[in-house]
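K.L.:
Okay, so here is query33.cif, and as you'll see once you scroll down, it has mmCIF, C-alpha atoms and all ligand atoms.
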```
data_target
loop_
_atom_site.label_atom_id
_atom_site.label_comp_id
_atom_site.auth_asym_id
_atom_site.auth_seq_id
_atom_site.Cartn_x
_atom_site.Cartn_y
_atom_site.Cartn_z
CA MET A 1 153.44 -56.91 -196.70
CA LEU A 2 153.58 -56.37 -192.96
CA ARG A 3 153.44 -52.64 -192.19
CA PHE A 4 152.78 -50.25 -189.36
CA LEU A 5 151.80 -46.63 -188.85
CA THR A 6 152.25 -44.52 -185.76
CA ALA A 7 150.59 -41.31 -184.56
CA GLY A 8 151.02 -39.16 -181.49
CA GLU A 9 152.98 -36.26 -180.09
CA SER A 10 155.69 -36.20 -177.47
CA HIS A 11 153.53 -34.33 -174.94
CA GLY A 12 150.12 -35.30 -176.33
CA LYS A 13 147.82 -37.87 -174.75
CA GLY A 14 149.86 -40.77 -176.07
CA LEU A 15 150.96 -42.81 -179.03
CA VAL A 16 148.67 -44.84 -181.27
CA THR A 17 150.05 -47.57 -183.51
CA ILE A 18 148.43 -49.80 -186.13
CA ILE A 19 150.11 -52.98 -187.38
CA ASP A 20 148.58 -54.38 -190.54
CA ASN A 21 148.91 -57.89 -192.01
CA PHE A 22 150.11 -59.55 -188.82
CA PRO A 23 149.11 -63.25 -188.78
CA ALA A 24 146.51 -64.81 -186.47
CA GLY A 25 147.24 -67.27 -183.68
CA VAL A 26 150.36 -65.66 -182.19
CA LYS A 27 150.36 -65.75 -178.39
CA ILE A 28 151.09 -62.25 -177.14
CA ASP A 29 153.44 -61.96 -174.19
CA GLU A 30 152.65 -58.51 -172.82
CA ASP A 31 155.45 -58.66 -170.26
CA PHE A 32 158.02 -59.19 -173.00
CA ILE A 33 156.78 -56.04 -174.77
CA ASN A 34 156.72 -53.98 -171.56
CA VAL A 35 160.26 -55.08 -170.64
CA LYS A 36 161.48 -53.80 -174.03
CA LEU A 37 159.56 -50.55 -173.49
CA ARG A 38 161.18 -50.20 -170.08
CA LEU A 39 164.64 -50.78 -171.57
CA ARG A 40 163.99 -48.03 -174.11
CA GLN A 41 163.43 -45.66 -171.22
CA SER A 42 166.50 -46.60 -169.25
CA GLY A 43 170.25 -46.11 -169.52
CA TYR A 44 172.81 -43.81 -168.00
CA GLY A 45 172.45 -40.27 -169.32
CA ARG A 46 168.67 -40.06 -169.80
CA GLY A 47 166.77 -36.92 -168.84
CA ALA A 48 164.00 -36.24 -166.30
CA ARG A 49 161.22 -37.28 -168.71
CA GLN A 50 161.98 -40.96 -168.20
CA LYS A 51 161.28 -40.62 -164.48
CA ILE A 52 157.75 -39.48 -165.30
CA GLU A 53 156.89 -42.15 -167.86
CA THR A 54 156.55 -45.90 -167.30
CA ASP A 55 155.48 -47.04 -170.71
CA LYS A 56 152.98 -49.87 -170.97
CA ILE A 57 151.22 -51.26 -174.00
CA GLU A 58 147.42 -51.25 -174.09
CA PHE A 59 145.95 -53.25 -176.97
CA LEU A 60 142.90 -51.66 -178.59
CA SER A 61 142.25 -54.29 -181.26
CA GLY A 62 143.59 -57.35 -183.06
CA VAL A 63 144.35 -59.36 -179.90
CA ARG A 64 141.70 -61.48 -178.19
CA GLY A 65 142.08 -64.07 -175.45
CA GLY A 66 145.83 -63.50 -175.57
CA LEU A 67 146.12 -64.40 -179.28
CA THR A 68 146.36 -62.24 -182.38
CA THR A 69 143.22 -62.48 -184.51
CA GLY A 70 144.62 -61.58 -187.94
CA SER A 71 142.80 -58.22 -187.88
CA PRO A 72 144.81 -55.00 -187.69
CA ILE A 73 146.49 -54.75 -184.31
CA SER A 74 146.20 -51.35 -182.71
CA PHE A 75 147.64 -50.25 -179.39
CA PHE A 76 148.00 -47.20 -177.19
CA ILE A 77 150.98 -46.05 -175.10
CA LYS A 78 149.98 -43.32 -172.69
CA ASN A 79 152.07 -40.20 -172.10
CA LYS A 80 151.82 -39.57 -168.37
CA ASP A 81 153.58 -36.25 -168.92
CA TYR A 82 150.47 -35.02 -170.79
CA GLU A 83 149.02 -33.91 -167.45
CA ASN A 84 151.79 -31.26 -167.28
CA TRP A 85 151.15 -30.13 -170.87
CA ARG A 86 147.33 -30.21 -171.06
CA ASP A 87 147.07 -26.47 -171.56
CA ARG A 88 149.67 -26.24 -174.29
CA MET A 89 148.66 -29.45 -176.09
CA ASP A 90 144.88 -29.11 -175.99
CA ALA A 91 143.17 -29.92 -179.31
CA TYR A 92 140.93 -26.80 -179.24
CA LYS A 93 142.38 -24.20 -176.89
CA PRO A 94 144.10 -21.42 -178.90
CA VAL A 95 147.89 -21.36 -178.59
CA SER A 96 149.10 -18.18 -176.88
CA GLU A 97 151.64 -16.03 -178.73
CA GLU A 98 154.14 -16.15 -175.79
CA SER A 99 154.25 -19.94 -175.83
CA LYS A 100 155.08 -20.18 -179.55
CA ILE A 101 158.61 -21.14 -180.55
CA HIS A 102 160.28 -19.38 -183.47
CA THR A 103 163.94 -20.38 -183.03
CA PRO A 104 164.80 -23.73 -184.64
CA ARG A 105 167.30 -25.97 -182.83
CA PRO A 106 170.13 -27.02 -185.17
CA GLY A 107 170.20 -30.81 -185.64
CA HIS A 108 166.42 -31.11 -185.25
CA ALA A 109 163.50 -31.22 -187.66
CA ASP A 110 162.55 -27.72 -186.39
CA PHE A 111 163.92 -25.59 -189.26
CA ALA A 112 162.90 -27.56 -192.36
CA GLY A 113 159.71 -28.85 -190.74
CA SER A 114 158.25 -25.46 -189.91
CA ILE A 115 159.16 -23.97 -193.30
CA LYS A 116 157.83 -27.03 -195.16
CA PHE A 117 154.45 -27.01 -193.36
CA GLY A 118 154.20 -23.20 -193.13
CA LEU A 119 153.89 -23.32 -189.34
CA ASP A 120 154.42 -20.32 -187.09
CA ASP A 121 155.06 -22.46 -183.99
CA ILE A 122 157.96 -24.90 -184.07
CA ARG A 123 156.30 -26.93 -181.31
CA ASN A 124 154.02 -28.44 -183.98
CA VAL A 125 157.13 -29.96 -185.56
CA LEU A 126 159.15 -30.92 -182.52
CA GLU A 127 156.25 -32.69 -180.83
CA ARG A 128 155.95 -35.19 -183.65
CA SER A 129 159.60 -35.44 -184.75
CA SER A 130 160.64 -36.25 -181.17
CA ALA A 131 162.03 -39.70 -180.41
CA ARG A 132 159.02 -40.34 -178.17
CA GLU A 133 157.67 -42.05 -181.29
CA THR A 134 160.30 -44.76 -180.86
CA ALA A 135 158.22 -46.24 -178.02
CA SER A 136 155.75 -47.35 -180.74
CA ARG A 137 158.56 -48.82 -182.82
CA VAL A 138 159.89 -50.77 -179.86
CA ALA A 139 156.47 -52.29 -179.21
CA VAL A 140 156.12 -53.21 -182.91
CA GLY A 141 159.59 -54.79 -182.87
CA ALA A 142 158.76 -56.73 -179.71
CA ILE A 143 155.55 -58.10 -181.31
CA CYS A 144 157.62 -59.17 -184.34
CA GLN A 145 160.15 -60.82 -182.03
CA ILE A 146 157.34 -62.77 -180.33
CA LEU A 147 156.26 -64.15 -183.71
CA LEU A 148 159.81 -64.98 -184.82
CA LYS A 149 160.65 -66.75 -181.55
CA ASN A 150 158.32 -69.52 -182.75
CA PHE A 151 160.92 -70.19 -185.45
CA GLY A 152 164.02 -69.97 -183.27
CA ILE A 153 164.92 -66.45 -184.43
CA GLU A 154 166.28 -64.25 -181.66
CA PHE A 155 167.51 -60.69 -181.39
CA ALA A 156 170.04 -58.83 -179.27
CA SER A 157 171.58 -55.37 -179.19
CA ALA A 158 174.32 -53.49 -177.37
CA VAL A 159 176.22 -50.24 -177.19
CA LEU A 160 179.75 -50.57 -178.58
CA SER A 161 181.01 -47.15 -177.57
CA ILE A 162 179.84 -43.74 -176.46
CA GLY A 163 181.52 -40.62 -177.75
CA TRP A 164 185.28 -40.96 -177.71
CA ALA A 165 185.49 -42.82 -174.38
CA GLY A 166 187.99 -45.64 -174.79
CA ILE A 167 188.50 -45.02 -178.48
CA GLU A 168 192.10 -43.99 -178.75
CA THR A 169 191.86 -44.23 -182.53
CA ALA A 170 189.81 -41.06 -182.59
CA GLU A 171 192.95 -39.16 -181.67
CA ILE A 172 195.79 -41.15 -183.19
CA SER A 173 197.52 -40.55 -186.49
CA ALA A 174 196.81 -42.42 -189.71
CA SER A 175 200.15 -44.23 -189.57
CA GLU A 176 199.40 -45.44 -186.04
CA LYS A 177 196.03 -46.69 -187.29
CA GLU A 178 197.79 -48.63 -190.03
CA LYS A 179 200.12 -50.19 -187.49
CA GLN A 180 197.14 -51.30 -185.41
CA ALA A 181 195.46 -52.75 -188.49
CA GLU A 182 198.57 -54.79 -189.32
CA ASN A 183 198.58 -56.26 -185.84
CA ARG A 184 195.02 -57.42 -186.05
CA PRO A 185 194.36 -61.11 -186.72
CA GLU A 186 193.87 -61.98 -190.39
CA LYS A 187 190.41 -63.36 -189.93
CA LYS A 188 187.98 -62.84 -187.13
CA VAL A 189 185.45 -65.39 -185.96
CA GLN A 190 182.36 -63.96 -184.29
CA GLY A 191 182.55 -64.32 -180.55
CA GLU A 192 186.31 -64.76 -180.44
CA LYS A 193 187.10 -61.09 -179.94
CA LYS A 194 189.45 -60.15 -177.15
CA SER A 195 188.44 -57.03 -175.28
CA SER A 196 191.91 -55.58 -175.96
CA GLU A 197 190.95 -55.34 -179.65
CA LEU A 198 187.84 -53.35 -178.91
CA SER A 199 189.09 -49.81 -179.16
CA TYR A 200 190.06 -50.17 -182.79
CA ASP A 201 187.27 -52.44 -183.92
CA ALA A 202 184.45 -50.70 -182.12
CA TYR A 203 185.24 -47.81 -184.39
CA PHE A 204 184.49 -49.82 -187.50
CA SER A 205 182.25 -52.77 -186.78
CA SER A 206 181.24 -55.04 -184.00
CA GLY A 207 182.65 -58.57 -184.46
CA VAL A 208 181.20 -59.35 -181.04
CA ASN A 209 178.73 -62.22 -180.50
CA LEU A 210 175.86 -60.73 -178.51
CA PHE A 211 174.43 -64.19 -177.83
CA ASP A 212 177.52 -65.32 -175.94
CA GLU A 213 176.38 -65.98 -172.36
CA ILE A 214 178.99 -63.78 -170.69
CA ILE A 215 178.42 -60.95 -173.14
CA MET A 216 174.65 -61.19 -172.62
CA ARG A 217 175.08 -60.99 -168.85
CA ASN A 218 177.44 -58.03 -169.20
CA ILE A 219 174.91 -56.16 -171.33
CA GLU A 220 172.09 -56.91 -168.89
CA ASN A 221 174.11 -55.69 -165.92
CA SER A 222 175.40 -52.58 -167.63
CA GLU A 223 173.60 -49.24 -167.31
CA LEU A 224 175.08 -48.48 -170.70
CA ARG A 225 174.15 -51.84 -172.29
CA MET A 226 177.83 -52.41 -173.06
CA PRO A 227 179.25 -55.87 -173.77
CA TYR A 228 182.65 -55.17 -172.18
CA ASN A 229 182.80 -53.69 -168.65
CA LYS A 230 186.22 -52.31 -169.52
CA LEU A 231 184.71 -49.18 -171.10
CA GLU A 232 181.91 -48.64 -168.59
CA GLU A 233 183.56 -46.36 -166.04
CA LYS A 234 185.41 -44.24 -168.61
CA THR A 235 182.16 -43.81 -170.49
CA LYS A 236 180.12 -42.78 -167.45
CA GLU A 237 182.78 -40.21 -166.65
CA LEU A 238 182.43 -38.82 -170.16
CA ILE A 239 178.63 -38.63 -169.86
CA ASP A 240 178.94 -36.86 -166.47
CA LYS A 241 181.40 -34.41 -168.00
CA MET A 242 179.04 -33.67 -170.89
CA LYS A 243 176.18 -33.18 -168.44
CA ALA A 244 178.24 -30.72 -166.39
CA GLU A 245 179.13 -28.84 -169.55
CA GLY A 246 175.51 -28.79 -170.76
CA ASP A 247 176.60 -30.79 -173.78
CA THR A 248 175.66 -34.17 -175.28
CA VAL A 249 177.25 -37.25 -176.80
CA GLY A 250 176.41 -40.01 -179.31
CA GLY A 251 177.80 -43.48 -179.91
CA LEU A 252 177.95 -46.75 -181.78
CA ILE A 253 175.26 -49.42 -181.53
CA THR A 254 175.17 -53.00 -182.75
CA ALA A 255 172.22 -55.36 -183.19
CA GLN A 256 172.12 -58.98 -184.26
CA ALA A 257 169.63 -61.66 -185.26
CA LYS A 258 170.39 -65.35 -185.00
CA GLY A 259 168.51 -68.29 -186.44
CA VAL A 260 167.44 -66.47 -189.61
CA PRO A 261 166.99 -69.07 -192.37
CA VAL A 262 168.73 -68.78 -195.74
CA GLY A 263 166.80 -66.86 -198.38
CA LEU A 264 164.92 -63.97 -196.73
CA GLY A 265 164.93 -61.03 -199.14
CA SER A 266 165.78 -61.23 -202.81
CA PHE A 267 168.42 -60.27 -205.36
CA THR A 268 165.79 -59.83 -208.07
CA GLN A 269 164.77 -56.19 -207.44
CA TRP A 270 166.46 -53.32 -205.59
CA ASP A 271 163.61 -52.85 -203.17
CA GLU A 272 163.35 -56.55 -202.36
CA LYS A 273 166.79 -56.63 -200.74
CA LEU A 274 166.90 -57.45 -197.06
CA ASP A 275 169.93 -55.26 -196.33
CA ALA A 276 168.27 -52.28 -198.05
CA HIS A 277 165.11 -52.70 -195.97
CA ILE A 278 167.10 -53.03 -192.74
CA ALA A 279 169.07 -49.91 -193.62
CA MET A 280 165.86 -47.91 -194.11
CA SER A 281 164.25 -49.22 -190.92
CA ILE A 282 167.30 -48.24 -188.88
CA MET A 283 168.25 -45.05 -190.69
CA SER A 284 164.74 -43.71 -190.05
CA ILE A 285 165.34 -43.81 -186.29
CA GLN A 286 165.88 -40.33 -184.87
CA ALA A 287 169.60 -39.42 -184.65
CA ILE A 288 170.91 -42.55 -186.43
CA LYS A 289 173.43 -41.39 -189.03
CA SER A 290 174.94 -44.57 -190.46
CA VAL A 291 173.99 -48.20 -190.91
CA GLU A 292 176.57 -50.88 -191.64
CA ILE A 293 175.90 -54.53 -192.37
CA GLY A 294 178.62 -56.89 -191.14
CA ALA A 295 182.10 -55.44 -191.60
CA GLY A 296 180.48 -52.37 -193.22
CA VAL A 297 182.97 -49.49 -193.54
CA LYS A 298 185.78 -51.83 -192.57
CA SER A 299 185.25 -53.83 -195.81
CA ALA A 300 186.73 -50.89 -197.70
CA TYR A 301 190.03 -51.52 -195.88
CA LEU A 302 190.15 -55.29 -196.48
CA LYS A 303 191.46 -57.37 -199.38
CA GLY A 304 188.86 -59.49 -201.19
CA SER A 305 190.56 -62.60 -199.88
CA GLU A 306 190.18 -61.33 -196.30
CA CYS A 307 186.73 -59.88 -196.64
CA HIS A 308 184.59 -62.63 -198.11
CA ASP A 309 183.38 -65.47 -195.95
CA SER A 310 184.45 -68.86 -197.35
CA ILE A 311 181.74 -71.54 -197.45
CA TYR A 312 182.11 -74.94 -195.73
CA TYR A 313 179.95 -77.98 -195.30
CA LYS A 314 179.62 -80.39 -192.42
CA LYS A 315 176.72 -82.80 -191.94
CA GLU A 316 176.49 -82.06 -188.22
CA GLU A 317 175.86 -78.29 -188.74
CA SER A 318 172.20 -77.24 -188.65
CA ASP A 319 171.71 -77.13 -192.43
CA GLY A 320 175.14 -78.44 -193.33
CA PHE A 321 176.61 -75.17 -194.61
CA TYR A 322 178.62 -72.84 -192.43
CA ARG A 323 181.18 -70.02 -192.47
CA LYS A 324 184.14 -69.35 -190.23
CA THR A 325 183.79 -65.58 -190.54
CA ASP A 326 180.81 -63.28 -190.95
CA ASN A 327 182.06 -60.10 -192.57
CA ALA A 328 178.94 -60.13 -194.75
CA GLY A 329 176.82 -59.73 -191.62
CA GLY A 330 174.62 -62.64 -192.68
CA ILE A 331 173.46 -61.04 -195.93
CA GLU A 332 174.75 -61.66 -199.47
CA GLY A 333 173.02 -60.41 -202.62
CA GLY A 334 170.20 -58.93 -200.58
CA MET A 335 169.35 -62.29 -198.99
CA SER A 336 170.01 -63.84 -195.61
CA ASN A 337 172.69 -66.53 -195.96
CA GLY A 338 171.98 -68.41 -192.75
CA GLU A 339 174.71 -66.72 -190.69
CA MET A 340 174.16 -64.24 -187.89
CA ILE A 341 172.67 -60.98 -189.21
CA SER A 342 174.75 -58.21 -187.78
CA VAL A 343 174.27 -54.44 -188.01
CA THR A 344 176.25 -51.54 -186.59
CA CYS A 345 175.10 -47.95 -186.61
CA ALA A 346 176.17 -44.54 -185.41
CA MET A 347 173.98 -42.25 -183.32
CA LYS A 348 174.84 -38.55 -183.39
CA PRO A 349 174.95 -36.49 -180.18
CA ILE A 350 171.54 -35.35 -178.92
CA PRO A 351 170.90 -32.00 -180.64
CA THR A 352 169.18 -30.21 -177.73
CA LEU A 353 171.91 -28.77 -175.53
CA MET A 354 171.49 -27.54 -171.99
CA LYS A 355 173.74 -24.53 -172.61
CA PRO A 356 173.35 -21.99 -175.41
CA TYR A 357 176.26 -23.21 -177.57
CA LEU A 358 174.48 -23.28 -180.93
CA ASP A 359 173.57 -20.25 -183.01
CA THR A 360 170.23 -20.01 -184.70
CA VAL A 361 167.90 -17.41 -186.14
CA ASP A 362 164.38 -16.25 -185.24
CA LEU A 363 162.34 -17.45 -188.21
CA LYS A 364 159.89 -14.55 -187.85
CA THR A 365 162.35 -11.66 -187.51
CA GLY A 366 165.65 -13.00 -188.90
CA GLU A 367 167.29 -11.91 -185.64
CA ALA A 368 170.36 -13.90 -184.48
CA LYS A 369 169.57 -16.06 -181.42
CA LYS A 370 170.93 -18.93 -179.38
CA ALA A 371 169.14 -22.28 -179.70
CA PHE A 372 166.50 -22.64 -176.98
CA LEU A 373 166.70 -25.18 -174.23
CA GLU A 374 164.10 -27.94 -173.97
CA ARG A 375 164.36 -30.67 -171.32
CA SER A 376 166.51 -33.35 -172.88
CA ASP A 377 168.79 -36.37 -172.59
CA VAL A 378 172.57 -36.07 -172.37
CA CYS A 379 173.04 -39.47 -173.96
CA ALA A 380 170.35 -41.82 -175.28
CA VAL A 381 172.57 -44.40 -176.98
CA PRO A 382 171.57 -47.30 -174.65
CA ALA A 383 167.89 -46.51 -175.26
CA ALA A 384 168.47 -46.21 -179.00
CA SER A 385 170.07 -49.67 -179.06
CA ILE A 386 166.66 -51.15 -178.15
CA VAL A 387 165.06 -49.13 -180.94
CA VAL A 388 167.66 -50.42 -183.41
CA GLU A 389 167.04 -54.02 -182.29
CA SER A 390 163.30 -53.45 -182.79
CA ALA A 391 163.78 -51.99 -186.26
CA LEU A 392 165.90 -55.01 -187.22
CA ALA A 393 163.21 -57.36 -185.91
CA PHE A 394 160.55 -55.54 -187.94
CA SER A 395 162.55 -55.79 -191.18
CA ILE A 396 163.32 -59.46 -190.70
CA CYS A 397 159.69 -60.15 -189.80
CA CYS A 398 158.52 -58.44 -193.03
CA PHE A 399 160.69 -60.70 -195.16
CA PHE A 400 160.01 -63.79 -193.07
CA LEU A 401 156.28 -63.33 -193.64
CA LYS A 402 156.88 -62.64 -197.31
CA LYS A 403 158.76 -65.94 -197.70
CA PHE A 404 156.60 -68.15 -195.47
CA GLY A 405 153.43 -66.05 -195.71
CA GLY A 406 150.14 -67.25 -194.38
CA ASP A 407 147.26 -65.79 -192.47
CA GLY A 408 147.79 -67.84 -189.35
CA LEU A 409 150.72 -69.19 -187.37
CA ASP A 410 149.97 -72.86 -188.18
CA GLU A 411 150.02 -72.17 -191.89
CA ILE A 412 153.32 -70.30 -191.59
CA LYS A 413 154.77 -73.21 -189.60
CA ARG A 414 153.81 -75.65 -192.37
CA ASN A 415 155.39 -73.44 -195.01
CA TYR A 416 158.51 -72.93 -192.92
CA GLU A 417 158.98 -76.61 -192.13
CA GLY A 418 158.40 -77.58 -195.76
CA TYR A 419 161.21 -75.20 -196.77
CA VAL A 420 163.82 -75.90 -194.10
CA LYS A 421 163.38 -79.69 -194.28
CA LYS A 422 163.76 -79.94 -198.05
C1 LIG A 501 165.96 -42.97 -177.89
C2 LIG A 501 166.22 -41.58 -178.37
C3 LIG A 501 166.11 -40.52 -177.48
C4 LIG A 501 166.35 -39.22 -177.91
N1 LIG A 501 166.25 -38.20 -176.99
C5 LIG A 501 166.46 -36.93 -177.40
C6 LIG A 501 166.36 -35.85 -176.47
O1 LIG A 501 166.09 -36.03 -175.28
N2 LIG A 501 166.59 -34.60 -176.93
C7 LIG A 501 166.91 -34.34 -178.24
O2 LIG A 501 167.13 -33.21 -178.58
N3 LIG A 501 167.02 -35.34 -179.14
C8 LIG A 501 166.79 -36.62 -178.76
N4 LIG A 501 166.90 -37.64 -179.68
C9 LIG A 501 167.32 -37.34 -181.06
C10 LIG A 501 166.35 -36.50 -181.86
O3 LIG A 501 165.02 -37.00 -181.75
C11 LIG A 501 166.77 -36.42 -183.32
O4 LIG A 501 168.11 -36.09 -183.42
C12 LIG A 501 165.95 -35.37 -184.06
O5 LIG A 501 164.59 -35.77 -184.10
C13 LIG A 501 166.42 -35.08 -185.50
O6 LIG A 501 166.42 -36.22 -186.28
P1 LIG A 501 167.74 -36.71 -187.04
O7 LIG A 501 168.81 -36.65 -186.00
O8 LIG A 501 167.43 -38.11 -187.44
O9 LIG A 501 168.00 -35.78 -188.15
C14 LIG A 501 166.70 -38.96 -179.27
C15 LIG A 501 166.79 -40.04 -180.16
C16 LIG A 501 166.56 -41.34 -179.73
C17 LIG A 501 166.69 -42.47 -180.71
#
```
Go ahead and render the structure in this file as structure tokens.
P.N.:
Amino acid sequence: MLRFLTAGESHGKGLVTIIDNFPAGVKIDEDFINVKLRLRQSGYGRGARQKIETDKIEFLSGVRGGLTTGSPISFFIKNKDYENWRDRMDAYKPVSEESKIHTPRPGHADFAGSIKFGLDDIRNVLERSSARETASRVAVGAICQILLKNFGIEFASAVLSIGWAGIETAEISASEKEKQAENRPEKKVQGEKKSSELSYDAYFSSGVNLFDEIIMRNIENSELRMPYNKLEEKTKELIDKMKAEGDTVGGLITAQAKGVPVGLGSFTQWDEKLDAHIAMSIMSIQAIKSVEIGAGVKSAYLKGSECHDSIYYKKEESDGFYRKTDNAGGIEGGMSNGEMISVTCAMKPIPTLMKPYLDTVDLKTGEAKKAFLERSDVCAVPAASIVVESALAFSICCFFLKKFGGDGLDEIKRNYEGYVKK
């Protein structure tokens, strides 16, 4: 199975990643990877760190003459900020008592991590648990996307909402919610959403087609990676307000994959299911707190006759079979069903706050303290959307290679064509 491992600290020399079992003969487009890395660093609401770093991939092995060789791929992403942390992050220099951190920040790995490993300096936990590691994941996802492009599989992601900006439902009563639900169309076809429906639906699931040309352009031109400009200004105002208050905000993200053939994943064992793998890939991203496939939470509010996507056949469609709705998010019984794979997830607010709002305790003395301040983002939802897209690409790539396996691209192409043409 395709797998990867990452190593590296937030303020160390950099990140090292190894990808194992990646096939030979795939032409590596370095620019494509660096653009994704750049996108992970951008977005309205990011902190000062992103002005220091301009992430670039440097291959150490597994790529030669522009093509993957079939050997483990390893790469390095440098932390420019290391220059400012040399003293504190040195591999040998003893750590001074004054620089040690003993007050865990609520919402971080600090508390459990330092107790679990018996550490007397929380920096040893926070350096590795930091979302700096997501740069590696984005590069891995981009490499997977490059492979899958050969088979017409494409990925996209967007931010549906940030905090409560534009989401009236967060404040309205249950009966008002019911009224809104009654007014919604019986069945929704991907890509046919009107922006007026967004406030309710963004709360539950996406329903938006990220591959629609206008939507794609909107996302590209938005500092928040939002598909509808309607929410942009309101949202920026909210982020500015949070910044002024020394507070933070989370949001909803969606990612999609189109062109995925029928039959990736399996119903035969629990850990062979594509949706389960996607959920783990995405849930393991720092600050992601929910993963929904297709209609997700909304399915609980629908009748069976509304929820399930009827099957149709037309010779002119790519493989003949098609659906008019995609509440299943392209996955049924743990397998891709040929429709768009669609995932929505929630990111919690960044847990490091710029004002001492949160109570904590000194782990050494038991003394009550306020959580310490470490340079941080106000909102990283746009950046996280790229990480989510990358995690989705990795999961789909794992199952694609499992189904069409082969050590080189040509062999995979033969297997793929033999399957889709049958
Ligand atoms: C792209 C991205 C950027 C993040 N930036 C920060 C940050 O600047 N400050 C911070 O405290 N947390 C940040 N986080 C979130 C924390 O890393 C995360 O909440 C923490 O490691 C605890 O993990 P958990 O939320 O999954 O439990 C970021 C997350 C992502 C995905």
K.L.:
Fewer than 3 positions away in the same chain doesn't count, so skip those; otherwise give me all residues within 8 Å of Lys80 of chain A, counting only C-alpha atoms, as a PyMOL selection string.
P.N.:
chain A and resi 13+52-54+83
K.L.:
What does the structure give for the distance between atom O7 of ligand LIG 501 (chain A) and atom CA of Lys234 of chain A, in Å to one decimal?
P.N.:
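Atom-to-atom, atom O7 of ligand LIG 501 (chain A) to atom CA of Lys234 of chain A, that is 25.2 Å.
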K.L.:
Take every atom of ligand LIG 501 (chain A) listed in the file, pad by 3 Å on each side, and give me the axis-aligned box centre and edge lengths in Å, one decimal, as AutoDock Vina command-line options.
P.N.:
```
--center_x 166.7 --center_y -38.1 --center_z -181.7 --size_x 10.2 --size_y 15.8 --size_z 18.9
```
K.L.:
Produce as a PyMOL selection string the set of residues near ligand LIG 501 (chain A), where near means within 8 Å with only C-alpha atoms and all ligand atoms considered.
P.N.:
chain A and resi 40-41+46-47+107-109+126+129-132+134+283-289+347-353+374-385+387
K.L.:
Which distance in Å separates atom CA of Gly329 of chain A and atom CA of Leu224 of chain A, to one decimal?
P.N.:
23.8 Å
K.L.:
List every protein, DNA or RNA residue with an atom no more than 9 Å from (153.9, -68.8, -188.9) in the file's coordinates, counting only C-alpha atoms, and format the result as a PyMOL selection string.
P.N.:
chain A and resi 23-26+147-148+150-151+400-401+404-416
K.L.:
What is the distance between atom CA of Arg137 of chain A and atom CA of Thr69 of chain A, in Å to one decimal?
P.N.:
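These two atoms are separated by 20.6 Å.
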K.L.:
Residues at most 8 Å from segment 291-298 of chain A, counting only C-alpha atoms, excluding those fewer than 3 positions away in the same chain, as a list in words?
P.N.:
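My reading of the contact set: Phe204, Ser205, Ser206, Gly207, Asp275, Ala279, Ile282, Met283, Ile288, Tyr301, Leu302, Asp326, Asn327, Ala328, Gly329, Gly330, Ile331, Ile341, Ser342, Val343, Thr344, Cys345 and Ala346 of chain A.
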K.L.:
Between A:Lys421, A:Lys78, A:Lys149, A:Lys402, which one has atoms that come closest to Arg3 of chain A, using all atoms listed in the file?
P.N.:
A:Lys402
K.L.:
Considering all atoms listed in the file, can you say which of A:Leu160, A:Asp55, A:Cys144, A:Asp87 comes closest to Leu2 of chain A?
P.N.:
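Once distances to Leu2 of chain A are computed over all atoms listed in the file, the minimum belongs to A:Cys144.
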K.L.:
Can you tell me which residues surround Asp362 of chain A at a distance of at most 9 Å, considering all atoms listed in the file, apart from same-chain residues fewer than 5 positions away, and format the answer as a compact mmCIF listing (two decimals) with C-alpha atoms, in the frame of the given file?
P.N.:
```
# COMPACT_ATOMS: atom_id res chain seq x y z
CA ILE A 101 158.61 -21.14 -180.55
CA HIS A 102 160.28 -19.38 -183.47
CA THR A 103 163.94 -20.38 -183.03
CA PRO A 104 164.80 -23.73 -184.64
CA GLU A 367 167.29 -11.91 -185.64
CA ALA A 368 170.36 -13.90 -184.48
CA LYS A 369 169.57 -16.06 -181.42
```
K.L.:
Which of these, A:Ala257, A:Leu37, A:Met335, A:Leu238, has the shortest distance to Gln269 of chain A once you count all atoms listed in the file?
P.N.:
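For Gln269 of chain A, the nearest of the given residues is A:Met335.
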K.L.:
Tell me, as a list of chain:residue names, which residues lie within 6 Å of Arg225 of chain A, counting only C-alpha atoms; anything in the same chain fewer than 4 positions away does not count.
P.N.:
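Once the nearby chain positions are removed, what remains is A:Ala158, A:Val159, A:Ile219, A:Pro382.
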K.L.:
Which polymer residues have any atom within 12 Å of an atom of Pro72 of chain A, counting all atoms listed in the file, with same-chain residues fewer than 4 positions away left out, as a list of chain:residue names?
P.N.:
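The neighbour list is A:Leu2, A:Arg3, A:Phe4, A:Leu5, A:Thr17, A:Ile18, A:Ile19, A:Asp20, A:Asn21, A:Phe22, A:Pro23, A:Ala24, A:Phe59, A:Leu60, A:Ser61, A:Gly62, A:Val63, A:Arg64, A:Thr68.
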K.L.:
Identify which of the residues A:Gly113, A:Gly334, A:Pro356, A:Gly45 lies closest to Ile278 of chain A, counting only C-alpha atoms when measuring atom-to-atom distances.
P.N.:
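The closest residue to Ile278 of chain A is A:Gly334.
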K.L.:
Have a look at A:Asn337, A:Ser136, A:Asn209, A:Ser10 and name the one nearest to Glu58 of chain A; count all atoms listed in the file.
P.N.:
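Using all atoms listed in the file, the shortest distance to Glu58 of chain A belongs to A:Ser136.
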K.L.:
Have a look at A:Ile396, A:Glu417, A:Leu119, A:Ala371 and name the one nearest to Lys273 of chain A; count all atoms listed in the file.
P.N.:
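Closest candidate: A:Ile396.
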